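Asker: I am sharing structure.tsv, which consists of TSV, C-alpha atoms:
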```tsv
chain	number	residue	atom	x	y	z
U	261	MET	CA	0.00	0.00	0.00
U	262	SER	CA	1.41	3.39	-0.96
U	263	GLU	CA	-0.03	6.78	-0.08
U	264	GLU	CA	1.18	10.35	-0.35
U	265	LEU	CA	1.35	12.10	2.98
U	266	GLY	CA	-1.13	14.79	1.99
U	267	LYS	CA	-3.69	12.19	0.93
U	268	ILE	CA	-3.88	10.24	4.19
U	269	GLU	CA	-7.44	10.59	5.41
U	270	LYS	CA	-8.34	10.43	9.10
U	271	PRO	CA	-10.38	7.20	8.82
U	272	LEU	CA	-7.29	5.47	7.44
U	273	VAL	CA	-4.93	6.43	10.27
U	274	GLU	CA	-5.81	3.41	12.39
U	275	GLU	CA	-5.21	1.11	9.42
U	276	PHE	CA	-1.78	2.62	8.82
U	277	LYS	CA	-0.79	2.16	12.47
U	278	LYS	CA	-0.69	-1.60	12.05
U	279	GLY	CA	2.28	-3.43	10.54
U	280	ARG	CA	5.65	-2.30	9.19
U	281	LYS	CA	5.82	1.09	7.49
U	282	LEU	CA	8.41	2.89	5.40
U	283	TYR	CA	8.36	6.64	4.87
U	284	PHE	CA	9.94	7.27	1.45
U	285	VAL	CA	11.66	10.65	1.08
U	286	PRO	CA	12.80	11.55	-2.47
U	287	LEU	CA	16.47	12.44	-2.16
U	288	ILE	CA	17.36	15.76	-3.78
U	289	TYR	CA	20.96	16.89	-4.09
U	290	CYS	CA	22.53	20.28	-4.65
U	291	LYS	CA	25.82	20.93	-6.45
U	292	ARG	CA	28.36	23.40	-5.17
U	293	GLU	CA	27.58	27.03	-6.03
U	294	PRO	CA	24.13	26.33	-7.53
U	295	PRO	CA	22.01	29.06	-9.15
U	296	ALA	CA	20.33	31.18	-6.47
U	297	GLU	CA	16.89	30.29	-7.86
U	298	TYR	CA	17.53	26.56	-7.47
U	299	LEU	CA	19.08	26.95	-4.03
U	300	GLU	CA	15.95	28.73	-2.80
U	301	ILE	CA	13.70	25.89	-4.02
U	302	PHE	CA	16.13	23.29	-2.69
U	303	ASN	CA	16.09	24.78	0.81
U	304	LYS	CA	12.32	25.12	0.68
U	305	TYR	CA	12.01	21.46	-0.27
U	306	TRP	CA	13.98	20.22	2.72
U	307	ASN	CA	12.11	22.51	5.12
U	308	GLN	CA	8.88	21.03	3.81
U	309	VAL	CA	10.26	17.50	4.18
U	310	GLU	CA	10.97	18.17	7.86
U	311	ASN	CA	7.51	19.64	8.39
U	312	GLN	CA	5.74	16.77	6.63
U	313	MET	CA	7.83	14.17	8.41
U	314	SER	CA	6.96	15.71	11.78
U	315	GLU	CA	3.27	15.74	10.86
U	316	LEU	CA	3.42	12.15	9.67
U	317	GLU	CA	5.14	11.01	12.87
U	318	LEU	CA	2.48	12.68	14.98
U	319	LYS	CA	-0.22	10.74	13.12
U	320	LEU	CA	1.43	7.36	12.73
U	321	GLY	CA	4.49	7.18	14.97
U	322	LYS	CA	8.14	8.18	15.11
U	323	ALA	CA	10.85	6.59	13.01
U	324	ASP	CA	12.68	3.56	14.38
U	325	LYS	CA	15.11	2.89	11.52
U	326	ILE	CA	16.79	5.20	9.00
U	327	TYR	CA	18.05	4.12	5.55
U	328	HIS	CA	19.96	6.33	3.08
U	329	GLU	CA	21.14	5.47	-0.42
U	330	LEU	CA	24.91	5.34	-1.06
U	331	ILE	CA	25.58	4.57	2.62
U	332	PRO	CA	27.07	1.09	3.21
U	333	VAL	CA	27.64	1.49	6.96
U	334	GLY	CA	25.50	2.33	9.96
U	335	GLY	CA	26.25	4.04	13.25
U	336	GLU	CA	28.56	7.04	13.62
U	337	ASP	CA	30.49	6.27	10.42
U	338	GLY	CA	27.28	6.25	8.43
U	339	ILE	CA	26.11	9.51	10.01
U	340	LYS	CA	29.39	11.21	9.07
U	341	ALA	CA	29.11	9.90	5.51
U	342	ILE	CA	25.57	11.30	5.15
U	343	LYS	CA	26.67	14.71	6.43
U	344	GLU	CA	29.39	14.86	3.76
U	345	LEU	CA	27.02	13.63	1.06
U	346	ASN	CA	23.96	15.77	1.73
U	347	ASP	CA	23.78	18.16	4.66
U	348	LYS	CA	20.03	18.66	4.27
U	349	SER	CA	19.07	14.99	4.54
U	350	TYR	CA	21.57	14.79	7.41
U	351	GLN	CA	19.66	17.47	9.35
U	352	VAL	CA	16.35	15.64	8.91
U	353	ILE	CA	17.97	12.36	9.92
U	354	LYS	CA	19.74	13.87	12.94
U	355	ASN	CA	16.39	15.08	14.27
U	356	ARG	CA	15.17	11.45	14.14
U	357	LEU	CA	18.37	10.03	15.64
U	358	ASP	CA	18.07	12.46	18.55
U	359	LYS	CA	14.66	10.94	19.24
U	360	GLY	CA	15.96	7.38	19.33
U	361	ALA	CA	16.00	6.25	15.69
U	362	GLN	CA	18.83	4.02	14.49
U	363	LEU	CA	20.78	4.42	11.25
U	364	GLU	CA	21.14	1.15	9.34
U	365	ALA	CA	23.60	0.29	6.59
U	366	THR	CA	21.58	0.44	3.37
U	367	GLU	CA	24.05	-0.55	0.67
U	368	GLN	CA	26.62	-3.32	0.31
U	369	GLY	CA	29.98	-1.69	-0.40
U	370	GLU	CA	31.19	-3.86	-3.27
U	371	LEU	CA	27.83	-3.88	-5.04
U	372	LEU	CA	27.60	-0.11	-4.70
U	373	THR	CA	31.05	0.60	-6.17
U	374	GLU	CA	30.41	-1.87	-9.00
U	375	PHE	CA	27.11	-0.15	-9.82
U	376	MET	CA	28.74	3.31	-9.72
U	377	ASP	CA	31.70	2.25	-11.88
U	378	TRP	CA	29.48	0.79	-14.60
U	379	SER	CA	27.34	3.96	-14.43
U	380	LYS	CA	30.46	6.06	-15.05
U	381	CYS	CA	31.40	3.88	-18.00
U	382	LEU	CA	28.03	4.52	-19.63
U	383	LEU	CA	28.55	8.27	-19.26
U	384	THR	CA	31.89	8.33	-21.11
U	385	GLY	CA	30.29	8.66	-24.54
U	386	LEU	CA	30.87	5.16	-25.92
U	387	GLN	CA	30.78	4.97	-29.72
U	388	ASN	CA	30.75	1.24	-30.39
U	389	GLN	CA	27.25	-0.23	-29.99
U	390	LYS	CA	28.59	-3.70	-29.18
U	391	ILE	CA	30.71	-2.33	-26.34
U	392	PHE	CA	27.82	-0.18	-25.13
U	393	ASP	CA	25.49	-3.19	-25.03
U	394	LYS	CA	27.99	-5.26	-23.04
U	395	ILE	CA	28.63	-2.52	-20.51
U	396	TYR	CA	24.91	-1.84	-20.19
U	397	ASP	CA	24.32	-5.52	-19.43
U	398	PHE	CA	26.92	-5.36	-16.67
U	399	TYR	CA	25.34	-2.15	-15.37
U	400	ALA	CA	21.83	-3.65	-15.40
U	401	GLU	CA	23.03	-6.76	-13.52
U	402	ALA	CA	24.83	-4.67	-10.90
U	403	SER	CA	21.76	-2.43	-10.53
U	404	LYS	CA	19.51	-5.48	-10.06
U	405	LYS	CA	21.77	-6.96	-7.37
U	406	ARG	CA	22.05	-3.59	-5.63
U	407	ASN	CA	18.27	-3.12	-5.55
U	408	GLU	CA	17.79	-6.66	-4.23
U	409	HIS	CA	20.30	-6.02	-1.47
U	410	ILE	CA	18.59	-2.77	-0.41
U	411	ALA	CA	15.21	-4.52	-0.24
U	412	LYS	CA	16.71	-7.42	1.71
U	413	GLN	CA	18.50	-5.09	4.12
U	414	ILE	CA	15.27	-3.23	4.90
U	415	ASP	CA	13.33	-6.48	5.24
U	416	GLU	CA	15.87	-7.97	7.66
U	417	THR	CA	16.31	-4.92	9.89
U	418	LEU	CA	12.81	-3.42	10.01
U	419	ARG	CA	10.98	-5.42	12.67
U	420	ALA	CA	7.27	-6.00	13.14
U	421	ASP	CA	5.31	-2.75	13.58
U	422	GLU	CA	8.46	-0.64	13.26
U	423	ILE	CA	8.68	2.47	11.10
U	424	GLY	CA	11.58	3.10	8.74
U	425	VAL	CA	12.55	6.14	6.67
U	426	LEU	CA	14.28	5.68	3.31
U	427	PHE	CA	16.08	8.59	1.64
U	428	MET	CA	16.58	7.65	-2.00
U	429	ARG	CA	16.36	9.24	-5.41
U	430	GLU	CA	13.19	8.75	-7.40
U	431	GLY	CA	13.24	6.36	-10.33
U	432	HIS	CA	14.69	3.51	-8.30
U	433	GLN	CA	13.54	-0.05	-8.99
U	434	VAL	CA	13.69	-1.46	-5.48
U	435	GLN	CA	10.89	-3.98	-4.90
U	436	PHE	CA	9.91	-3.60	-1.25
U	437	PRO	CA	8.51	-6.53	0.75
U	438	SER	CA	4.75	-6.76	0.23
U	439	ASP	CA	3.93	-6.46	3.93
U	440	ILE	CA	5.62	-3.05	4.28
U	441	GLN	CA	3.33	-0.05	3.79
U	442	ILE	CA	5.10	2.64	1.76
U	443	LEU	CA	4.17	6.25	2.51
U	444	TYR	CA	5.52	8.74	-0.01
U	445	VAL	CA	6.58	12.12	1.38
U	446	ALA	CA	5.83	14.59	-1.42
U	447	PRO	CA	6.34	18.27	-0.46
U	448	PRO	CA	4.95	20.86	-2.92
U	449	ALA	CA	8.50	22.08	-3.65
U	450	LEU	CA	9.28	18.72	-5.27
U	451	ASN	CA	7.16	19.74	-8.24
U	452	GLU	CA	8.96	23.08	-8.35
U	453	ILE	CA	12.33	21.34	-8.52
U	454	GLU	CA	11.18	19.00	-11.28
U	455	ARG	CA	9.76	21.96	-13.22
U	456	TRP	CA	13.03	23.89	-12.76
U	457	PHE	CA	15.03	21.05	-14.31
U	458	ARG	CA	12.55	20.69	-17.18
U	459	ASP	CA	12.82	24.41	-17.94
U	460	ARG	CA	16.63	24.25	-17.93
U	461	MET	CA	16.50	21.28	-20.31
U	462	VAL	CA	14.21	23.16	-22.70
U	463	GLU	CA	16.47	26.21	-22.59
U	464	SER	CA	19.49	24.02	-23.32
U	465	GLN	CA	17.78	22.42	-26.31
U	466	GLU	CA	16.74	25.80	-27.70
U	467	GLU	CA	20.31	27.05	-27.49
```
Can you present the structure in this file as structure tokens?
Answerer:
Amino acid sequence: MSEELGKIEKPLVEEFKKGRKLYFVPLIYCKREPPAEYLEIFNKYWNQVENQMSELELKLGKADKIYHELIPVGGEDGIKAIKELNDKSYQVIKNRLDKGAQLEATEQGELLTEFMDWSKCLLTGLQNQKIFDKIYDFYAEASKKRNEHIAKQIDETLRADEIGVLFMREGHQVQFPSDIQILYVAPPALNEIERWFRDRMVESQEE
């Protein structure tokens, strides 16, 4: 079962309180020295994530477990890695950790580096179709194994009636266990960010 936060109706709250739940937060990054317009939307997005997460926790319960893409370790080492990777998701996570949540390792290190290396290969501008097809096959296999590991890691660490929070980019192909209810955190600024990127793409094509 998957619902957007803003669409959870009061009669359904009791239903959502039963069983394992996973709050899914679309992970948005920001490059160094971004355009001021994007930075404003980016900051707005993460403020709205915090507000919606707090509202969701009041209705359904606080987070027990935290998961974050690209992080193969838990504990203090994982927290430090998140802070270096994305300070905004770190702030949201820290607020949950301060209330007793636990950061779990989400990725498996070797699978993650294999996936990232094949991704980089595909971005090098390969000219030979045969080589491209072979590398894509390797990439697809690594992506499949990575997604399976993430799903398995969540399944094995999220206990009965616990609530987890997953920070991950949209477009993933992770197949979550069927008994976990997925609640999608979708702040209004997410649409603004997507529109901003579409507009930049159109401008680039016109040039």
Asker: Report as a tab-separated table the residues of region 322-379 of chain U within 6 Å of region 424-429 of chain U, each with its shortest atom pair and distance in Å (one decimal), using all atoms listed in the file, ordered by chain and increasing residue number.
Answerer:
```
residue	atom	partner	partner_atom	distance
U:Ala323	CA	U:Gly424	CA	5.6
U:Asp324	CA	U:Gly424	CA	5.8
U:Lys325	CA	U:Gly424	CA	4.5
U:Ile326	CA	U:Val425	CA	4.9
U:Tyr327	CA	U:Leu426	CA	4.7
U:His328	CA	U:Phe427	CA	4.7
U:Glu329	CA	U:Met428	CA	5.3
```
Asker: Using all atoms listed in the file, determine which residues lie at most 6 Å from region 373-388 of chain U, disregarding the query and same-chain residues fewer than 3 positions distant; provide the list as a PyMOL selection string.
Answerer: chain U and resi 370+391+399+402-403
Asker: Now that the selection is made, can you save its residues with C-alpha atoms as an mmCIF file, in the frame of the given file?
Answerer:
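Once everything was written out, this is out_6.cif:
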```cif
data_model
loop_
_atom_site.group_PDB
_atom_site.id
_atom_site.type_symbol
_atom_site.label_atom_id
_atom_site.label_comp_id
_atom_site.auth_asym_id
_atom_site.auth_seq_id
_atom_site.Cartn_x
_atom_site.Cartn_y
_atom_site.Cartn_z
ATOM 1 C CA GLU U 370 31.190 -3.860 -3.270
ATOM 2 C CA ILE U 391 30.710 -2.330 -26.340
ATOM 3 C CA TYR U 399 25.340 -2.150 -15.370
ATOM 4 C CA ALA U 402 24.830 -4.670 -10.900
ATOM 5 C CA SER U 403 21.760 -2.430 -10.530
#
```
Asker: Give me, as a tab-separated table, the closest atom pair and its distance (Å, one decimal) for every residue of region 284-386 of chain U within a cut-off of 7 Å of region 442-461 of chain U, counting only C-alpha atoms, rows sorted by chain and rising number.
Answerer:
```
residue	atom	partner	partner_atom	distance
U:Phe284	CA	U:Tyr444	CA	4.9
U:Val285	CA	U:Val445	CA	5.3
U:Ile301	CA	U:Ala449	CA	6.5
U:Lys304	CA	U:Ala449	CA	6.5
U:Tyr305	CA	U:Ala449	CA	4.9
U:Gln308	CA	U:Pro447	CA	5.7
U:Val309	CA	U:Pro447	CA	6.1
```
Asker: Can you spit out the residues from that selection as a PDB file, in the coordinates of the input, using C-alpha atoms?
Answerer:
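Final file, out-v7.pdb:
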```pdb
ATOM      1  CA  PHE U 284       9.940   7.270   1.450  1.00  0.00           C
ATOM      2  CA  VAL U 285      11.660  10.650   1.080  1.00  0.00           C
ATOM      3  CA  ILE U 301      13.700  25.890  -4.020  1.00  0.00           C
ATOM      4  CA  LYS U 304      12.320  25.120   0.680  1.00  0.00           C
ATOM      5  CA  TYR U 305      12.010  21.460  -0.270  1.00  0.00           C
ATOM      6  CA  GLN U 308       8.880  21.030   3.810  1.00  0.00           C
ATOM      7  CA  VAL U 309      10.260  17.500   4.180  1.00  0.00           C
TER       8      VAL U 309
END
```
Asker: So what do you get for CA of Glu297 (chain U) versus CA of Ser464 (chain U), distance-wise?
Answerer: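 So the answer is 16.9 Å.
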Asker: Could you tell me how far CA of Phe302 (chain U) sits from CA of Ile342 (chain U), in Å to one decimal place?
Answerer: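 Rounded to one decimal, the two atoms are 17.2 Å apart.
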Asker: Tell me which protein, DNA and RNA residues are within 7 Å of region 408-422 of chain U, counting only C-alpha atoms, leaving out same-chain ones fewer than 3 positions away, and put them as a VMD selection string.
Answerer: chain U and resid 278 to 281 324 to 325 366 to 367 404 to 405 434 to 437
